[in-house]
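A.B. asks: Right, I'll just put the structure down here and ask away after.
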Amino acid sequence: MTTRDDCLRLDRDDPLARLRDHFIVPDGVIYLDGNSLGVLPRATSARVQQVVQEEWGRGLIRSWNTAGWIHLPQRIGDKIGALIGARPGETMVADATSVNLYKALSAALTVAAHGGRDLRGTKIVSERSNFPTDLYIADSIAQQHGMTLELIEADDLPGALDADVAVLMLTHVNYRTGRMHDMAAVTHAAHAAGALVVWDLAHSAGAVPVDLNGADADFAVGCGYKYLNGGPGAPAFVWAHPRHTARMDDAQLRQPLSGWLGHAAPFEFTPEYRPGSGISRFVCGTPPVISLAALEAGVDVFAAAGPLGGIAALRTKSIALTDLFIRLVEASPVAPQFTLVTPRDSSIRGSQASFAHAEAGYAIMQALIARGVIGDFRAPDLLRFGFTPLYTRHVDVFDAVRHLVEVMESGEWKDARFHARAAVT
């Protein structure tokens with residue numbers, strides 16, 4: 001049985017341990033919620049202050065040029081692109097994930113229609129357990145085009161890819177279970193059925209290896225505030241395969257939100273829209289400079305991980321952490337009260353572990369949070385724990401499980417204050 005001393009030894013020998021110094025983790029906190037909101041990088045506050053006090057305060061509007069504000073969406077996009085298998089110039093940071101998903105799904109349908117596909121009566125297919133906002137966006141688009149949104153279970157995916165599917169929309173790592181799709185295999189199967197694929201990388205980027213070009217994916221979106229540590233509500237990113245952006249040079253092939261900074265020459269201020277080249281047309285409005293500065297500080301930490309093995313080394317540690325957590329919970333005296341929902345097979349597991357408790361998942365998580373062990377709850381019964389290898393330690397895993405056992409054996413989760421639902425769970 002693994003001991004706390006074993007975990008301390010693993011941390012001492014961990015070549016990635018020094019990366020934790022790039023972050024501010026409050027004393028007394030075991031943070032296992034980086035799959036919802038990453039912790040604050042040490043460089044972020046100074047960088048944001050520089051933008052506010054110097055670039056905005058002194059440079060004023062000149063900083064669009066002198067401080068390179070206008071290039072932030074592409075510059076940060078390229079840095080994120082390096083983590084998701086995109087080539088330079090293929091990824092853009094803009095808007096929120098939901099907005100980018102609307103743009104990507106709409107563009108995918110436009111490509112399909114331009115290729116001669118009659119969209120009426122066809123389907124957008126997704127997982128029933130996909131993140132709700134993805135399903136809401138897809139449903140609204142389906143209604144606009146006279147299509148249907150068909151929701152399936154993950155295991156039913158192969159049989160669902162029939163000739164009526166125009167677009168398959170999936171989250172690479174499921175937000176509830178942590179189950180990870182084989183991106184290349186799924187994309188190949190969808191293409192063989194004549195469908196395009198839109199991937200949501202919200203729970204993948206910065207946590208697991210992703211190779212969009214290698215998988216021959218069509219479109220992808222993702223957020224900046226989880227494993228990329230860009231701060232609450234950080235701008236999102238969007239990617240499109242060059243074969244599609246090249247075709248979109250045709251005036252009929254556009255994403256639907258034709259904003260001024262997606263124009264080929266925005267400062268000509270012409271009344272007619274002329275789309276920019278490549279991924280640049282997926283930008284709509286003015287970039288949120290302060291938020292982008294915070295996001296870049298988070299993304300830049302991955303440069304420090306590069307010499308230590310990069311995303312591959314982070315993935316190895318992620319598997320070790322999640323394996324350890326699952327093993328310790330299931331070896332504990334309270335194990336019979338919980339059901340593992342996350343895949344036991346690490347090859348199809350993201351950087352999280354979810355356990356179900358049928359009666360009191362929410363209260364148990366609140367009791368853990370009161371002790372400084374921060375995970376989150378997803379209705380109706382999931383306790384969700386995220387492991388960010390940039391700053392999560394093996395000893396954090398051990399101590400988190402110890403607290404879980406104490407919460408259950410003492411019965412403290414039964415306290416009424418842990419059952420009062422807050423606005424955010």
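Going through the structure tokens in order, the chains are called A, B, and so on, while each chain numbers its residues from 1 and the ligands are numbered from 1 in the order shown.
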Using the chain letters and numbers from this document, which residues of stretch 26-245 of chain A does DSSP assign to helix (DSSP H, G or I), as a PyMOL selection string?
C.D. replies: chain A and resi 42-56+60-66+69-81+97-114+132-144+154-160+183-192+242-245
A.B. asks: Can you write just those residues out, C-alpha atoms, as a PDB file, in the first residue's frame?
C.D. replies:
```
ATOM      1  CA  ARG A  42       2.961  34.004 -10.538  1.00  0.00           C
ATOM      2  CA  ALA A  43       3.696  36.030 -13.662  1.00  0.00           C
ATOM      3  CA  THR A  44       0.088  37.023 -14.304  1.00  0.00           C
ATOM      4  CA  SER A  45      -0.339  39.862 -11.813  1.00  0.00           C
ATOM      5  CA  ALA A  46       2.807  41.680 -12.920  1.00  0.00           C
ATOM      6  CA  ARG A  47       1.940  41.204 -16.585  1.00  0.00           C
ATOM      7  CA  VAL A  48      -1.597  42.533 -16.135  1.00  0.00           C
ATOM      8  CA  GLN A  49      -0.259  45.477 -14.116  1.00  0.00           C
ATOM      9  CA  GLN A  50       2.166  46.230 -16.941  1.00  0.00           C
ATOM     10  CA  VAL A  51      -0.675  46.270 -19.444  1.00  0.00           C
ATOM     11  CA  VAL A  52      -2.854  48.446 -17.237  1.00  0.00           C
ATOM     12  CA  GLN A  53      -0.303  50.916 -15.901  1.00  0.00           C
ATOM     13  CA  GLU A  54       2.212  51.169 -18.732  1.00  0.00           C
ATOM     14  CA  GLU A  55       0.656  50.035 -21.979  1.00  0.00           C
ATOM     15  CA  TRP A  56      -2.819  51.411 -21.317  1.00  0.00           C
ATOM     16  CA  LEU A  60      -2.862  54.673 -24.468  1.00  0.00           C
ATOM     17  CA  ILE A  61      -4.173  53.908 -27.938  1.00  0.00           C
ATOM     18  CA  ARG A  62      -0.631  53.861 -29.326  1.00  0.00           C
ATOM     19  CA  SER A  63      -0.155  50.469 -27.650  1.00  0.00           C
ATOM     20  CA  TRP A  64      -2.198  48.735 -30.331  1.00  0.00           C
ATOM     21  CA  ASN A  65       0.955  49.190 -32.376  1.00  0.00           C
ATOM     22  CA  THR A  66       3.810  49.833 -29.949  1.00  0.00           C
ATOM     23  CA  TRP A  69      -1.984  44.473 -28.868  1.00  0.00           C
ATOM     24  CA  ILE A  70      -3.398  43.923 -32.350  1.00  0.00           C
ATOM     25  CA  HIS A  71      -1.303  40.765 -32.766  1.00  0.00           C
ATOM     26  CA  LEU A  72      -2.217  39.114 -29.435  1.00  0.00           C
ATOM     27  CA  PRO A  73      -4.955  36.810 -30.834  1.00  0.00           C
ATOM     28  CA  GLN A  74      -2.559  35.298 -33.365  1.00  0.00           C
ATOM     29  CA  ARG A  75       0.506  35.310 -31.102  1.00  0.00           C
ATOM     30  CA  ILE A  76      -1.224  33.473 -28.273  1.00  0.00           C
ATOM     31  CA  GLY A  77      -3.052  31.311 -30.788  1.00  0.00           C
ATOM     32  CA  ASP A  78       0.267  30.038 -32.098  1.00  0.00           C
ATOM     33  CA  LYS A  79       1.434  29.231 -28.561  1.00  0.00           C
ATOM     34  CA  ILE A  80      -1.740  27.238 -27.887  1.00  0.00           C
ATOM     35  CA  GLY A  81      -1.463  25.709 -31.332  1.00  0.00           C
ATOM     36  CA  THR A  97     -15.898  28.808 -26.308  1.00  0.00           C
ATOM     37  CA  SER A  98     -19.643  28.887 -26.976  1.00  0.00           C
ATOM     38  CA  VAL A  99     -19.258  31.670 -29.536  1.00  0.00           C
ATOM     39  CA  ASN A 100     -16.381  29.904 -31.248  1.00  0.00           C
ATOM     40  CA  LEU A 101     -18.369  26.678 -31.324  1.00  0.00           C
ATOM     41  CA  TYR A 102     -21.215  28.501 -33.044  1.00  0.00           C
ATOM     42  CA  LYS A 103     -18.758  29.819 -35.620  1.00  0.00           C
ATOM     43  CA  ALA A 104     -17.047  26.457 -36.149  1.00  0.00           C
ATOM     44  CA  LEU A 105     -20.268  24.449 -36.421  1.00  0.00           C
ATOM     45  CA  SER A 106     -21.751  26.969 -38.817  1.00  0.00           C
ATOM     46  CA  ALA A 107     -18.599  26.965 -40.918  1.00  0.00           C
ATOM     47  CA  ALA A 108     -18.622  23.164 -41.023  1.00  0.00           C
ATOM     48  CA  LEU A 109     -22.195  23.155 -42.296  1.00  0.00           C
ATOM     49  CA  THR A 110     -21.327  25.810 -44.862  1.00  0.00           C
ATOM     50  CA  VAL A 111     -18.465  23.668 -46.127  1.00  0.00           C
ATOM     51  CA  ALA A 112     -20.789  20.660 -46.318  1.00  0.00           C
ATOM     52  CA  ALA A 113     -23.461  22.606 -48.174  1.00  0.00           C
ATOM     53  CA  HIS A 114     -20.943  24.116 -50.577  1.00  0.00           C
ATOM     54  CA  PRO A 132     -24.664  21.403 -22.088  1.00  0.00           C
ATOM     55  CA  THR A 133     -23.605  24.624 -23.795  1.00  0.00           C
ATOM     56  CA  ASP A 134     -22.258  22.578 -26.723  1.00  0.00           C
ATOM     57  CA  LEU A 135     -25.603  20.842 -27.037  1.00  0.00           C
ATOM     58  CA  TYR A 136     -27.568  24.076 -26.764  1.00  0.00           C
ATOM     59  CA  ILE A 137     -25.479  25.715 -29.504  1.00  0.00           C
ATOM     60  CA  ALA A 138     -25.757  22.652 -31.741  1.00  0.00           C
ATOM     61  CA  ASP A 139     -29.511  22.452 -31.246  1.00  0.00           C
ATOM     62  CA  SER A 140     -30.015  26.082 -32.197  1.00  0.00           C
ATOM     63  CA  ILE A 141     -27.912  25.642 -35.342  1.00  0.00           C
ATOM     64  CA  ALA A 142     -29.750  22.449 -36.271  1.00  0.00           C
ATOM     65  CA  GLN A 143     -33.076  24.254 -36.024  1.00  0.00           C
ATOM     66  CA  GLN A 144     -31.787  27.087 -38.205  1.00  0.00           C
ATOM     67  CA  ALA A 154     -20.305   7.125 -26.406  1.00  0.00           C
ATOM     68  CA  ASP A 155     -20.392   3.362 -26.977  1.00  0.00           C
ATOM     69  CA  ASP A 156     -23.027   3.792 -29.689  1.00  0.00           C
ATOM     70  CA  LEU A 157     -20.897   6.176 -31.746  1.00  0.00           C
ATOM     71  CA  PRO A 158     -19.734   3.739 -34.479  1.00  0.00           C
ATOM     72  CA  GLY A 159     -23.274   2.742 -35.390  1.00  0.00           C
ATOM     73  CA  ALA A 160     -24.501   6.347 -35.369  1.00  0.00           C
ATOM     74  CA  MET A 183      -9.405  11.564 -32.054  1.00  0.00           C
ATOM     75  CA  ALA A 184      -7.729  10.089 -35.117  1.00  0.00           C
ATOM     76  CA  ALA A 185      -9.897   6.959 -35.210  1.00  0.00           C
ATOM     77  CA  VAL A 186     -13.160   8.834 -34.651  1.00  0.00           C
ATOM     78  CA  THR A 187     -12.297  11.478 -37.237  1.00  0.00           C
ATOM     79  CA  HIS A 188     -11.401   8.800 -39.782  1.00  0.00           C
ATOM     80  CA  ALA A 189     -14.693   6.990 -39.176  1.00  0.00           C
ATOM     81  CA  ALA A 190     -16.680  10.212 -39.504  1.00  0.00           C
ATOM     82  CA  HIS A 191     -14.953  11.147 -42.747  1.00  0.00           C
ATOM     83  CA  ALA A 192     -15.600   7.658 -44.108  1.00  0.00           C
ATOM     84  CA  PRO A 242      -6.259  24.804 -43.767  1.00  0.00           C
ATOM     85  CA  ARG A 243      -8.198  22.841 -46.389  1.00  0.00           C
ATOM     86  CA  HIS A 244     -11.351  24.469 -45.076  1.00  0.00           C
ATOM     87  CA  THR A 245     -10.030  27.987 -44.610  1.00  0.00           C
TER      88      THR A 245
END
```
A.B. asks: Show me a table, sorted first by chain and then by increasing residue number, of the residues of stretch 19-76 of chain A having an atom at most 10 Å from stretch 217-226 of chain A, each with its shortest atom pair and the distance in Å to one decimal, counting only C-alpha atoms and written as a Markdown table.
C.D. replies:
```
| residue | atom | partner | partner_atom | distance |
| --- | --- | --- | --- | --- |
| A:Asp33 | CA | A:Lys226 | CA | 8.6 |
| A:Gly34 | CA | A:Lys226 | CA | 5.6 |
| A:Asn35 | CA | A:Lys226 | CA | 5.0 |
| A:Ser36 | CA | A:Lys226 | CA | 5.2 |
| A:Leu37 | CA | A:Lys226 | CA | 4.6 |
| A:Gly38 | CA | A:Lys226 | CA | 4.9 |
| A:Val39 | CA | A:Lys226 | CA | 8.6 |
```
A.B. asks: Restricting the calculation to only C-alpha atoms, which member of A:Tyr175, A:Tyr31, A:Phe302, A:Phe418 is positioned closest to A:Val395?
C.D. replies: A:Tyr31
A.B. asks: Could you list, as JSON, numbers by chain, every residue within 8 Å of A:Ile84, counting only C-alpha atoms and ignoring same-chain residues fewer than 5 positions away?
C.D. replies: {"A": [205, 209, 210, 211, 212]}
A.B. asks: Can you write out the residues you just picked, keeping N, CA and C atoms, as a PDB file, in the first residue's frame?
C.D. replies:
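Dumped everything to part-v2.pdb:
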```pdb
ATOM      1  N   ALA A 205      -6.703  20.648 -23.931  1.00  0.00           N
ATOM      2  CA  ALA A 205      -5.576  21.539 -24.213  1.00  0.00           C
ATOM      3  C   ALA A 205      -4.770  21.809 -22.954  1.00  0.00           C
ATOM      4  N   PRO A 209      -1.916  15.060 -24.721  1.00  0.00           N
ATOM      5  CA  PRO A 209      -1.434  15.318 -26.084  1.00  0.00           C
ATOM      6  C   PRO A 209      -2.588  15.380 -27.077  1.00  0.00           C
ATOM      7  N   VAL A 210      -2.563  16.367 -27.940  1.00  0.00           N
ATOM      8  CA  VAL A 210      -3.557  16.531 -28.995  1.00  0.00           C
ATOM      9  C   VAL A 210      -2.809  16.803 -30.295  1.00  0.00           C
ATOM     10  N   ASP A 211      -3.230  16.152 -31.380  1.00  0.00           N
ATOM     11  CA  ASP A 211      -2.601  16.365 -32.681  1.00  0.00           C
ATOM     12  C   ASP A 211      -3.693  16.547 -33.728  1.00  0.00           C
ATOM     13  N   LEU A 212      -4.175  17.772 -33.842  1.00  0.00           N
ATOM     14  CA  LEU A 212      -5.286  18.048 -34.747  1.00  0.00           C
ATOM     15  C   LEU A 212      -4.937  17.741 -36.195  1.00  0.00           C
TER      16      LEU A 212
END
```
A.B. asks: Measuring between only C-alpha atoms, which one of A:Ile279, A:Met180, A:Leu40, A:Ala305 shows the shortest distance to A:Gly262?
C.D. replies: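 For A:Gly262, the nearest of the given residues is A:Ile279.
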A.B. asks: Excluding A:Leu368 and residues on its chain fewer than 2 positions from it, collect all residues at most 9 Å away from it, counting only C-alpha atoms, and give them as number ranges by chain.
C.D. replies: A: 363-366, 370-375, 400, 403-404, 407, 413
A.B. asks: I want to know what sits within 6 Å of stretch 306-322 of chain A, based on only C-alpha atoms, with residues of the same chain fewer than 2 positions away left out; could you give that as a list in words?
C.D. replies: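 My list of contacting residues is Val208, Ala303, Ala304, Leu324, Phe325, Ser351 and Pro389 of chain A.
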A.B. asks: Now that the selection is made, can you save its residues with C-alpha atoms as a PDB file, in the first residue's frame?
C.D. replies:
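Full text of part.pdb as output:
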```pdb
ATOM      1  CA  VAL A 208      -3.251  15.608 -22.753  1.00  0.00           C
ATOM      2  CA  ALA A 303       7.531  26.874 -22.345  1.00  0.00           C
ATOM      3  CA  ALA A 304       9.177  26.015 -19.020  1.00  0.00           C
ATOM      4  CA  LEU A 324      -2.750   6.930  -7.609  1.00  0.00           C
ATOM      5  CA  PHE A 325      -5.977   8.700  -6.669  1.00  0.00           C
ATOM      6  CA  SER A 351      -6.561  14.309 -16.414  1.00  0.00           C
ATOM      7  CA  PRO A 389       0.539  18.057 -13.502  1.00  0.00           C
TER       8      PRO A 389
END
```
A.B. asks: Just asking: which residues within stretch 117-356 of chain A are strand (DSSP E or B) according to DSSP, as number ranges by chain?
C.D. replies: A: 123-127, 148-152, 165-171, 173, 179-180, 196-200, 219-222, 237-240, 263, 275, 339-340, 349, 352-356
A.B. asks: Please, what distance in Å, to one decimal, runs between atom CA of A:Phe398 and atom CA of A:Ala420?
C.D. replies: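 Separation of atom CA of A:Phe398 and atom CA of A:Ala420: 28.0 Å.
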A.B. asks: What's around A:Gly350 at 9 Å? Count only C-alpha atoms, leave out sequence neighbours fewer than 3 positions away in its own chain, and write the answer as a list in words.
C.D. replies: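 Listing them by chain and then by number gives His172, Val173, Asn174, Thr177, Gly178, Arg179, Met180, His203, Ser204, Ala207, Val208, Arg315, Ser318, Ile319, Thr322, Thr342, Pro343, Ser346, Ser347 and Ala353 of chain A.
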A.B. asks: Output C-alpha atoms for every residue in that selection, as a compact mmCIF listing (two decimals), in the first residue's frame.
C.D. replies:
```
# COMPACT_ATOMS: atom_id res chain seq x y z
CA HIS A 172 -12.34 15.17 -26.75
CA VAL A 173 -12.33 14.52 -22.97
CA ASN A 174 -15.81 14.25 -21.48
CA THR A 177 -16.50 11.09 -16.86
CA GLY A 178 -13.08 12.10 -18.12
CA ARG A 179 -13.39 9.55 -20.93
CA MET A 180 -11.14 10.47 -23.85
CA HIS A 203 -10.64 19.48 -21.12
CA SER A 204 -7.71 18.52 -23.34
CA ALA A 207 -3.54 18.37 -20.16
CA VAL A 208 -3.25 15.61 -22.75
CA ARG A 315 0.72 13.39 -19.62
CA SER A 318 -1.15 13.05 -15.11
CA ILE A 319 -1.64 9.31 -15.54
CA THR A 322 -5.00 9.83 -11.52
CA THR A 342 -13.89 7.64 -14.96
CA PRO A 343 -12.32 4.94 -17.18
CA SER A 346 -5.52 5.40 -18.55
CA SER A 347 -5.24 5.37 -22.36
CA ALA A 353 -11.15 11.22 -11.82
```
